[in-house]
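A.B. asks: So that we are looking at the same thing, I have put the structure below in structure tokens.
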Amino acid sequence: MSSFPRKDNALKPARAGAAALRGFMALAVLLVLMAEAALAESGDRFISVDDGQAVLDSATGLVWRRCNEGQTYSAGSCQGDPVAYSFDDALDRAKSQGGWRIPNVKELFSLAEFPRANAFVLPSTSEQVTFWSITPSTRNNQNVWVVRFGETTSVFPGSRCAVDSSSCRRGTYSLRLVRIAGNPGE
């Protein structure tokens, strides 16, 4: 009996790898098709722009980053980990993105009107996540409003604080940037 593997057994790992790759590719295509179907279901309200990394909301004229800051859109979902920002860090991030800004509370709420489409159009908005807004609180101008998406959408005051403040640990939230359509930035 020979200690060498038979020729047909040597091909099994290669066949299994090719089958797994075909399965992955089929899944990726399915996710992209589902995202495109969600865009169509939204009544053409959301139009993919910026190589799929953003969507234009044709009802408001706003362009939204498709994923939270720290993530990129690929194969129908947001990849990577979202970054939680203090308010000051969120402002700095927005300023560094050339034409993008932190949305106000009304703009964030405009996304809550289409929760089913959001699962594919703006994937990470359908999760339980809280976003900074630029809208100051009327009770305390040291605070701004934040909007929590998930099973329900709610708004509450978030603490604006410096990075080295101990209260900042409770006041770090996700960031979804927005810009006006036709302003691609610098």
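Residue numbers start at 1 in each chain; chains themselves are named A, B, ... in the order of the structure tokens; ligands are numbered from 1 in the order shown.
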Contacts of Ala94 in chain A at 12 Å or less, counting only C-alpha atoms, minus same-chain residues fewer than 4 places along, as a compact mmCIF listing (two decimals) with N, CA and C atoms, in the first residue's frame?
C.D. replies:
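What landed in out-v1.txt:
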# COMPACT_ATOMS: atom_id res chain seq x y z
N ARG A 65 -24.42 59.34 4.10
CA ARG A 65 -23.46 58.25 4.09
C ARG A 65 -24.24 56.99 4.40
N GLU A 69 -19.98 56.23 10.54
CA GLU A 69 -18.56 56.52 10.40
C GLU A 69 -17.77 55.36 11.02
N TYR A 85 -18.28 58.58 18.94
CA TYR A 85 -17.60 59.88 19.05
C TYR A 85 -18.17 60.70 20.19
N PHE A 87 -19.03 64.60 21.22
CA PHE A 87 -19.56 65.62 20.30
C PHE A 87 -18.43 66.39 19.63
N ASP A 88 -17.42 66.78 20.39
CA ASP A 88 -16.31 67.53 19.81
C ASP A 88 -15.57 66.71 18.74
N ASP A 89 -15.39 65.42 19.00
CA ASP A 89 -14.75 64.56 18.00
C ASP A 89 -15.63 64.39 16.77
N ALA A 90 -16.95 64.33 16.98
CA ALA A 90 -17.88 64.23 15.85
C ALA A 90 -17.80 65.48 14.98
N GLY A 98 -14.84 67.19 4.08
CA GLY A 98 -15.05 67.99 2.87
C GLY A 98 -16.48 67.99 2.35
N GLY A 99 -17.34 68.83 2.89
CA GLY A 99 -18.71 68.97 2.42
C GLY A 99 -19.73 68.19 3.23
N TRP A 100 -19.30 67.25 4.05
CA TRP A 100 -20.20 66.48 4.89
C TRP A 100 -20.35 67.19 6.23
N ARG A 101 -21.49 66.96 6.90
CA ARG A 101 -21.75 67.62 8.19
C ARG A 101 -22.59 66.71 9.07
N ILE A 102 -22.75 67.11 10.34
CA ILE A 102 -23.63 66.42 11.27
C ILE A 102 -25.06 66.87 10.96
N PRO A 103 -26.01 65.96 10.85
CA PRO A 103 -27.39 66.35 10.54
C PRO A 103 -28.10 66.96 11.74
N TRP A 132 -25.56 61.33 16.87
CA TRP A 132 -25.48 62.75 17.20
C TRP A 132 -26.31 63.55 16.20
N SER A 133 -26.90 64.64 16.68
CA SER A 133 -27.46 65.67 15.80
C SER A 133 -26.72 66.96 16.13
N ILE A 134 -26.92 67.97 15.33
CA ILE A 134 -26.30 69.27 15.57
C ILE A 134 -27.27 70.21 16.29
N LEU A 175 -22.13 58.31 14.43
CA LEU A 175 -22.19 59.49 13.57
C LEU A 175 -22.57 59.05 12.17
N ARG A 176 -23.62 59.65 11.64
CA ARG A 176 -24.04 59.44 10.25
C ARG A 176 -24.00 60.81 9.60
N LEU A 177 -23.09 61.00 8.65
CA LEU A 177 -22.91 62.30 8.03
C LEU A 177 -23.88 62.50 6.87
N VAL A 178 -24.14 63.77 6.58
CA VAL A 178 -25.08 64.16 5.54
C VAL A 178 -24.49 65.36 4.79
N ARG A 179 -24.95 65.55 3.55
CA ARG A 179 -24.60 66.74 2.80
C ARG A 179 -25.77 67.07 1.89
N GLY A 185 -18.39 67.93 -2.11
CA GLY A 185 -17.26 68.20 -1.22
C GLY A 185 -16.00 68.49 -2.03
A.B. asks: Residues near range 45-48 of chain A, anyone? I mean within 8 Å using only C-alpha atoms, not counting same-chain ones fewer than 5 positions away, as an MDAnalysis selection string.
C.D. replies: chainID A and resid 39 53:59 121
A.B. asks: Selected residues, N, CA and C atoms, written as a short mmCIF file (atom, residue, chain, number, x, y, z; two decimals), in the first residue's frame, please.
C.D. replies:
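Generated output (out_1.cif):
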data_model
loop_
_atom_site.label_atom_id
_atom_site.label_comp_id
_atom_site.auth_asym_id
_atom_site.auth_seq_id
_atom_site.Cartn_x
_atom_site.Cartn_y
_atom_site.Cartn_z
N LEU A 39 -34.16 49.72 -2.55
CA LEU A 39 -34.16 51.05 -3.17
C LEU A 39 -35.40 51.22 -4.03
N GLN A 53 -21.52 54.20 -1.70
CA GLN A 53 -21.17 54.55 -0.32
C GLN A 53 -22.15 55.54 0.30
N ALA A 54 -23.05 56.09 -0.52
CA ALA A 54 -24.03 57.07 -0.04
C ALA A 54 -25.32 56.89 -0.80
N VAL A 55 -26.40 57.47 -0.25
CA VAL A 55 -27.69 57.46 -0.94
C VAL A 55 -28.25 58.88 -0.94
N LEU A 56 -28.87 59.23 -2.06
CA LEU A 56 -29.57 60.50 -2.20
C LEU A 56 -31.02 60.26 -1.81
N ASP A 57 -31.52 61.03 -0.88
CA ASP A 57 -32.93 61.00 -0.52
C ASP A 57 -33.61 62.03 -1.41
N SER A 58 -34.31 61.57 -2.44
CA SER A 58 -34.90 62.49 -3.42
C SER A 58 -36.03 63.31 -2.82
N ALA A 59 -36.61 62.88 -1.69
CA ALA A 59 -37.67 63.64 -1.04
C ALA A 59 -37.13 64.86 -0.30
N VAL A 121 -31.15 50.09 2.53
CA VAL A 121 -30.68 51.36 2.00
C VAL A 121 -29.64 51.97 2.93
#
A.B. asks: Find the spatial neighbours of Thr130 in chain A, counting only C-alpha atoms, within a cut-off of 8 Å - ignore same-chain residues fewer than 4 positions away - and output them as a PyMOL selection string.
C.D. replies: chain A and resi 146-149+173-174
A.B. asks: Could you write out that same residue set with C-alpha atoms as an mmCIF file, in the first residue's frame?
C.D. replies:
data_model
loop_
_atom_site.group_PDB
_atom_site.id
_atom_site.type_symbol
_atom_site.label_atom_id
_atom_site.label_comp_id
_atom_site.auth_asym_id
_atom_site.auth_seq_id
_atom_site.Cartn_x
_atom_site.Cartn_y
_atom_site.Cartn_z
ATOM 1 C CA VAL A 146 -29.370 62.685 19.812
ATOM 2 C CA VAL A 147 -31.663 60.286 17.947
ATOM 3 C CA ARG A 148 -31.896 56.580 18.763
ATOM 4 C CA PHE A 149 -32.970 54.225 15.974
ATOM 5 C CA TYR A 173 -22.595 58.145 20.027
ATOM 6 C CA SER A 174 -22.472 57.044 16.425
#
A.B. asks: What's the separation between CA of Gly80 in chain A and CA of Asn143 in chain A, in Å to one decimal place?
C.D. replies: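 Taking CA of Gly80 in chain A as the start and CA of Asn143 in chain A as the end point, the length is 29.1 Å.
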